[in-house]
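*Asks:* My questions will all concern the structure given below.
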Amino acid sequence: MSFINYSSREINCKLVYYGPGLCGKTTNLHYIYAKTSPDAKGKMISLATETERTLFFDFLPLSLGEIRGFKTRFHLYTVPGQVFYDASRKLILKGVDGVIFVADSQIERMEANIESLDNLRLNLIDQGYDLNKLPYVVQYNKRDLPNAAPMEQLREVLNPTKAPEFEACATSGAGVFDTLKAVAKSVLTELRRGQ
Amino acid sequence: MSGPDVMYPEEQQAMSLVCARLTRDANAKAVLLIGRDGQPIAEAGDVDELDVTSLSSLTAGNVAATGGISKILREKDFFSQFHEGEKTHIHITLVGGRAILVVLFDERSSLGLVRLRVKKSSDEMVRLFDSVAKKAAAKSEPSILTEITDSDIDNLFND
Ligand SMILES: Nc1nc2c(ncn2[C@@H]2O[C@H](COP(=O)(O)OP(=O)(O)OP(=O)(O)O)[C@@H](O)[C@H]2O)c(=O)[nH]1
Ligand SMILES: [Mg+2]
């Protein structure tokens with residue numbers, strides 16, 4: 001849940017990167033961290049296994065500038081994508097303001113994408129949210145790979161509600177900031193609307 | 001969604017004072033008050049070399065994880081946690097289900113003293129959170145959110 005501090009004049013929002021194992025959630029955060037100036041970011045924290053798989057979450061605090069004298073701070077989290085970490089994924093969705101679903105474009109990962117998206121919907125319901133009402137964007141990652149499924153097919157299966165969507169290659173950074181900006185914008189717009 | 005959480009200057013100041021007094025009374029190194037979702041709210045003591053943002057998000061994650069464990073055990077939320085380090089110890093309590101109170105202390109204090117002082121401070125914090133909730137419900141202060149325009153939001157991303 002966003003947090004507005006009238007004393008320190010700050011707006012805090014929580015964004016969560018969701019998606020199947022190895023789809024590139026952590027890579028999105030690494031790229032954002034690498035390309036953000038030191039005064040606009042805090043430390044990036046990764047609670048990961050020895051093999052660099054997310055174990056609990058990654059966390060990256062970002063400042064995006066001021067609105068009407070209020071600093072906007074976004075707390076970026078990733079969930080662990082591996083199926084058996086479901087209890088942890090639920091916890092990280094608590095208090096979420098916006099969700100990025102990172103799909104793995106590789107044709108072999110279609111099933112995993114579908115399963116993860118279903119899991120996202122259910123876990124949100126568990127926390128009292130409705131994906132259709134939450135600020136939400138879809139990122140089709142790993143577009144650089146030769147075995148990437150055609151966009152029409154991904155769109156049809158993974159984005160039936162036509163949420164804002166972006167093609168990306170998180171390792172090179174293509175589409176990473178477009179995705180972030182779109183969801184951040186949507187969170188601020190929703191925050192205003194909710195008043 | 002139930003709308004944003006808020007904090008107002010008056011209560012923030014009062015909470016900072018409670019933190020400062022707790023630091024003194026418990027002989028603590030530092031005290032942090034954190035929202036359940038990991039936002040820093042107030043702090044006191046030796047926080048200069050602390051990475052408060054990271055500490056807050058990790059503590060909130062920790063509390064969420066133990067909360068998850070308590071559910072599996074069909075136990076109510078664990079009320080407090082204590083982690084013993086070589087030099088620095090950390091005591092974590094839930095404040096009225098709404099916030100997390102963290103006390104960092106060393107050999108100059110003791111777990112017993114910290115527990116005792118935390119109890120009193122956390123009661124005061126609960127009252128202050130109640131007052132914030134009342135104000136927010138009454139919307140006694142104009143929200144800045146209503147003033148935000150589309151171009152404000154666009155400008156944030158023009159770089
Ligand atoms: N070719 C290519 N590889 C990518 C891309 N994005 C991520 N990768 C690689 O995919 C692997 C997994 O990326 P991570 O970011 O760790 O995946 P994750 O979604 O965080 O995985 P979990 O933590 O297990 O949920 C790494 O080796 C990345 O370098 C991409 O756009 N293209
Ligand atoms: Mg990861």
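Chain labels A, B, ... are given in the sequence in which chains occur in the structure tokens; within each chain residues are numbered consecutively from 1, and ligands are likewise numbered from 1 in the order shown.
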Check the DSSP output for the backbone and give back, as a ChimeraX atom specification, the residues of chain A in alpha helix (DSSP H).

*Replies:* /A:25-35,86-93,110-126,151-158,176-193

*Asks:* Which chain A residues are at most 7 Å from chain B (counting only C-alpha atoms), as JSON, numbers by chain?

*Replies:* {"A": [1, 2, 3, 4, 5, 6, 7, 43, 64, 65, 67, 91, 95, 181, 185, 192, 194, 195]}

*Asks:* Output N, CA, C and O atoms for every residue in that selection, as a PDB file, in the first residue's frame.

*Replies:*
ATOM      1  N   MET A   1       0.842  -1.184   0.000  1.00  0.00           N
ATOM      2  CA  MET A   1       0.000   0.000   0.000  1.00  0.00           C
ATOM      3  C   MET A   1       0.882   1.241   0.000  1.00  0.00           C
ATOM      4  O   MET A   1       1.837   1.319   0.747  1.00  0.00           O
ATOM      5  N   SER A   2       0.558   2.189  -0.859  1.00  0.00           N
ATOM      6  CA  SER A   2       1.394   3.385  -0.912  1.00  0.00           C
ATOM      7  C   SER A   2       1.337   4.106   0.428  1.00  0.00           C
ATOM      8  O   SER A   2       0.371   3.989   1.166  1.00  0.00           O
ATOM      9  N   PHE A   3       2.369   4.847   0.703  1.00  0.00           N
ATOM     10  CA  PHE A   3       2.509   5.489   1.996  1.00  0.00           C
ATOM     11  C   PHE A   3       2.871   6.946   1.751  1.00  0.00           C
ATOM     12  O   PHE A   3       3.880   7.246   1.120  1.00  0.00           O
ATOM     13  N   ILE A   4       2.027   7.849   2.213  1.00  0.00           N
ATOM     14  CA  ILE A   4       2.274   9.272   2.004  1.00  0.00           C
ATOM     15  C   ILE A   4       2.661   9.906   3.317  1.00  0.00           C
ATOM     16  O   ILE A   4       1.865   9.919   4.264  1.00  0.00           O
ATOM     17  N   ASN A   5       3.874  10.411   3.378  1.00  0.00           N
ATOM     18  CA  ASN A   5       4.365  11.017   4.607  1.00  0.00           C
ATOM     19  C   ASN A   5       4.345  12.539   4.454  1.00  0.00           C
ATOM     20  O   ASN A   5       5.165  13.112   3.748  1.00  0.00           O
ATOM     21  N   TYR A   6       3.386  13.184   5.120  1.00  0.00           N
ATOM     22  CA  TYR A   6       3.246  14.637   5.016  1.00  0.00           C
ATOM     23  C   TYR A   6       4.322  15.352   5.814  1.00  0.00           C
ATOM     24  O   TYR A   6       4.471  16.554   5.722  1.00  0.00           O
ATOM     25  N   SER A   7       5.022  14.602   6.631  1.00  0.00           N
ATOM     26  CA  SER A   7       6.059  15.206   7.440  1.00  0.00           C
ATOM     27  C   SER A   7       7.372  15.285   6.657  1.00  0.00           C
ATOM     28  O   SER A   7       7.952  16.353   6.515  1.00  0.00           O
ATOM     29  N   LYS A  43      20.854   0.965  -1.862  1.00  0.00           N
ATOM     30  CA  LYS A  43      21.529  -0.316  -2.087  1.00  0.00           C
ATOM     31  C   LYS A  43      20.561  -1.326  -2.685  1.00  0.00           C
ATOM     32  O   LYS A  43      19.398  -1.338  -2.326  1.00  0.00           O
ATOM     33  N   LEU A  64      12.316   8.852  -7.980  1.00  0.00           N
ATOM     34  CA  LEU A  64      12.057   9.257  -9.361  1.00  0.00           C
ATOM     35  C   LEU A  64      11.890  10.760  -9.525  1.00  0.00           C
ATOM     36  O   LEU A  64      11.491  11.217 -10.570  1.00  0.00           O
ATOM     37  N   GLY A  65      12.148  11.536  -8.485  1.00  0.00           N
ATOM     38  CA  GLY A  65      11.962  12.978  -8.627  1.00  0.00           C
ATOM     39  C   GLY A  65      10.793  13.463  -7.804  1.00  0.00           C
ATOM     40  O   GLY A  65      10.199  12.699  -7.043  1.00  0.00           O
ATOM     41  N   ILE A  67       7.053  15.520  -7.161  1.00  0.00           N
ATOM     42  CA  ILE A  67       5.763  15.987  -7.663  1.00  0.00           C
ATOM     43  C   ILE A  67       5.194  16.932  -6.622  1.00  0.00           C
ATOM     44  O   ILE A  67       5.015  16.547  -5.471  1.00  0.00           O
ATOM     45  N   LEU A  91       3.897 -13.437   0.328  1.00  0.00           N
ATOM     46  CA  LEU A  91       4.302 -12.413   1.296  1.00  0.00           C
ATOM     47  C   LEU A  91       4.758 -11.141   0.592  1.00  0.00           C
ATOM     48  O   LEU A  91       4.476 -10.032   1.030  1.00  0.00           O
ATOM     49  N   GLY A  95       0.782  -5.432   0.247  1.00  0.00           N
ATOM     50  CA  GLY A  95       0.979  -3.989   0.143  1.00  0.00           C
ATOM     51  C   GLY A  95       1.449  -3.524  -1.225  1.00  0.00           C
ATOM     52  O   GLY A  95       1.942  -2.414  -1.374  1.00  0.00           O
ATOM     53  N   LYS A 181       8.694   2.816 -16.286  1.00  0.00           N
ATOM     54  CA  LYS A 181       7.994   4.102 -16.334  1.00  0.00           C
ATOM     55  C   LYS A 181       6.493   3.897 -16.475  1.00  0.00           C
ATOM     56  O   LYS A 181       5.700   4.592 -15.853  1.00  0.00           O
ATOM     57  N   LYS A 185       3.909   5.277 -13.694  1.00  0.00           N
ATOM     58  CA  LYS A 185       2.935   6.268 -14.095  1.00  0.00           C
ATOM     59  C   LYS A 185       1.519   5.813 -13.731  1.00  0.00           C
ATOM     60  O   LYS A 185       0.712   6.570 -13.202  1.00  0.00           O
ATOM     61  N   ARG A 192      -4.003   8.956  -7.483  1.00  0.00           N
ATOM     62  CA  ARG A 192      -4.780  10.189  -7.556  1.00  0.00           C
ATOM     63  C   ARG A 192      -6.274   9.868  -7.701  1.00  0.00           C
ATOM     64  O   ARG A 192      -7.115  10.449  -7.053  1.00  0.00           O
ATOM     65  N   GLY A 194      -7.820   7.256  -6.760  1.00  0.00           N
ATOM     66  CA  GLY A 194      -8.357   6.613  -5.567  1.00  0.00           C
ATOM     67  C   GLY A 194      -8.746   7.591  -4.470  1.00  0.00           C
ATOM     68  O   GLY A 194      -9.327   7.223  -3.459  1.00  0.00           O
ATOM     69  N   GLN A 195      -8.397   8.864  -4.663  1.00  0.00           N
ATOM     70  CA  GLN A 195      -8.664   9.846  -3.597  1.00  0.00           C
ATOM     71  C   GLN A 195     -10.119  10.203  -3.506  1.00  0.00           C
ATOM     72  O   GLN A 195     -10.741  10.552  -4.458  1.00  0.00           O
TER      73      GLN A 195
END

*Asks:* Measuring atom to atom with only C-alpha atoms, identify which of B:Val95, B:Leu17, B:Leu104, B:Leu32 is nearest to His83 of chain B.

*Replies:*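 Distance minimum relative to His83 of chain B lands on B:Leu104.
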
*Asks:* When you draw a straight line from atom CA of Ile100 of chain B to atom CA of Asp86 of chain A, how long is it in Å?

*Replies:*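 So the answer is 24.3 Å.
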
*Asks:* How would you report the residues lying within 10 Å of ligand 1, as a ChimeraX atom specification, if you count only C-alpha atoms and all ligand atoms?

*Replies:* /A:17-31,46-49,51-58,78-83,85,102-106,140-146,148,167-176

*Asks:* Please report the interatomic distance between atom CA of Ile100 of chain A and atom CA of Thr59 of chain B in Å with one decimal.

*Replies:* 23.9 Å

*Asks:* Could you name the residues that touch Glu84 of chain B at 12 Å or less, counting only C-alpha atoms, but leaving out those on the same chain fewer than 6 positions away, as an MDAnalysis selection string?

*Replies:* chainID B and resid 90:92 103:107 110:111

*Asks:* What parts of segment 2-192 of chain A does DSSP call strand (DSSP E or B)? I'd like the answer as an MDAnalysis selection string.

*Replies:* chainID A and resid 3:5 10:18 41 45:48 54:67 70:78 98:104 106 136:141 148 165:167 169 174

*Asks:* In Å, how far is it from atom CA of Leu22 of chain B to atom CA of Ser121 of chain B?

*Replies:* 6.7 Å

*Asks:* List as number ranges by chain the protein and nucleic acid residues near Val47 of chain B, meaning an atom at most 7 Å away when only C-alpha atoms are counted, but skip any in the same chain fewer than 3 places from it.

*Replies:* B: 30, 44, 50

*Asks:* For the residues selected in the previous step, produce a file with C-alpha atoms as an mmCIF file, in the first residue's frame.

*Replies:*
data_model
loop_
_atom_site.group_PDB
_atom_site.id
_atom_site.type_symbol
_atom_site.label_atom_id
_atom_site.label_comp_id
_atom_site.auth_asym_id
_atom_site.auth_seq_id
_atom_site.Cartn_x
_atom_site.Cartn_y
_atom_site.Cartn_z
ATOM 1 C CA ALA B 30 19.306 3.031 17.938
ATOM 2 C CA ALA B 44 16.492 7.829 16.901
ATOM 3 C CA LEU B 50 23.062 2.599 9.361
#

*Asks:* Got a sec: who's within 7 Å of Glu43 of chain B, counting only C-alpha atoms, leaving out chain neighbours fewer than 5 positions off, as a PyMOL selection string?

*Replies:* chain B and resi 16+19+31-33

*Asks:* Any chance you could export the current selection's all heavy atoms as an mmCIF file, in the first residue's frame?

*Replies:*
data_model
loop_
_atom_site.group_PDB
_atom_site.id
_atom_site.type_symbol
_atom_site.label_atom_id
_atom_site.label_comp_id
_atom_site.auth_asym_id
_atom_site.auth_seq_id
_atom_site.Cartn_x
_atom_site.Cartn_y
_atom_site.Cartn_z
ATOM 1 N N SER B 16 8.796 10.308 16.759
ATOM 2 C CA SER B 16 10.249 10.493 16.859
ATOM 3 C C SER B 16 10.662 10.695 18.310
ATOM 4 O O SER B 16 11.692 10.190 18.746
ATOM 5 C CB SER B 16 10.700 11.700 16.030
ATOM 6 O OG SER B 16 10.410 11.494 14.679
ATOM 7 N N CYS B 19 10.609 7.429 20.065
ATOM 8 C CA CYS B 19 11.822 6.676 19.693
ATOM 9 C C CYS B 19 13.040 7.192 20.456
ATOM 10 O O CYS B 19 13.859 6.406 20.944
ATOM 11 C CB CYS B 19 12.099 6.791 18.190
ATOM 12 S SG CYS B 19 10.950 5.872 17.172
ATOM 13 N N VAL B 31 16.934 3.175 17.605
ATOM 14 C CA VAL B 31 15.554 2.682 17.536
ATOM 15 C C VAL B 31 14.975 3.101 16.194
ATOM 16 O O VAL B 31 15.152 4.233 15.756
ATOM 17 C CB VAL B 31 14.702 3.276 18.683
ATOM 18 C CG1 VAL B 31 13.227 2.977 18.476
ATOM 19 C CG2 VAL B 31 15.166 2.733 20.033
ATOM 20 N N LEU B 32 14.307 2.172 15.533
ATOM 21 C CA LEU B 32 13.658 2.478 14.258
ATOM 22 C C LEU B 32 12.195 2.080 14.320
ATOM 23 O O LEU B 32 11.857 1.029 14.860
ATOM 24 C CB LEU B 32 14.285 1.693 13.104
ATOM 25 C CG LEU B 32 15.770 1.802 12.822
ATOM 26 C CD1 LEU B 32 16.142 0.852 11.690
ATOM 27 C CD2 LEU B 32 16.122 3.229 12.444
ATOM 28 N N LEU B 33 11.347 2.923 13.751
ATOM 29 C CA LEU B 33 9.942 2.567 13.588
ATOM 30 C C LEU B 33 9.693 2.425 12.086
ATOM 31 O O LEU B 33 10.015 3.314 11.301
ATOM 32 C CB LEU B 33 9.049 3.662 14.185
ATOM 33 C CG LEU B 33 7.560 3.383 14.129
ATOM 34 C CD1 LEU B 33 7.170 2.222 15.035
ATOM 35 C CD2 LEU B 33 6.756 4.631 14.526
#

*Asks:* Under the rule that only C-alpha atoms are counted, which of B:Val18, B:Ser80, B:Ser109, B:Gly85 is the nearest residue to Glu124 of chain B?

*Replies:*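 Looking at the shortest contact to Glu124 of chain B, the residue is B:Val18.
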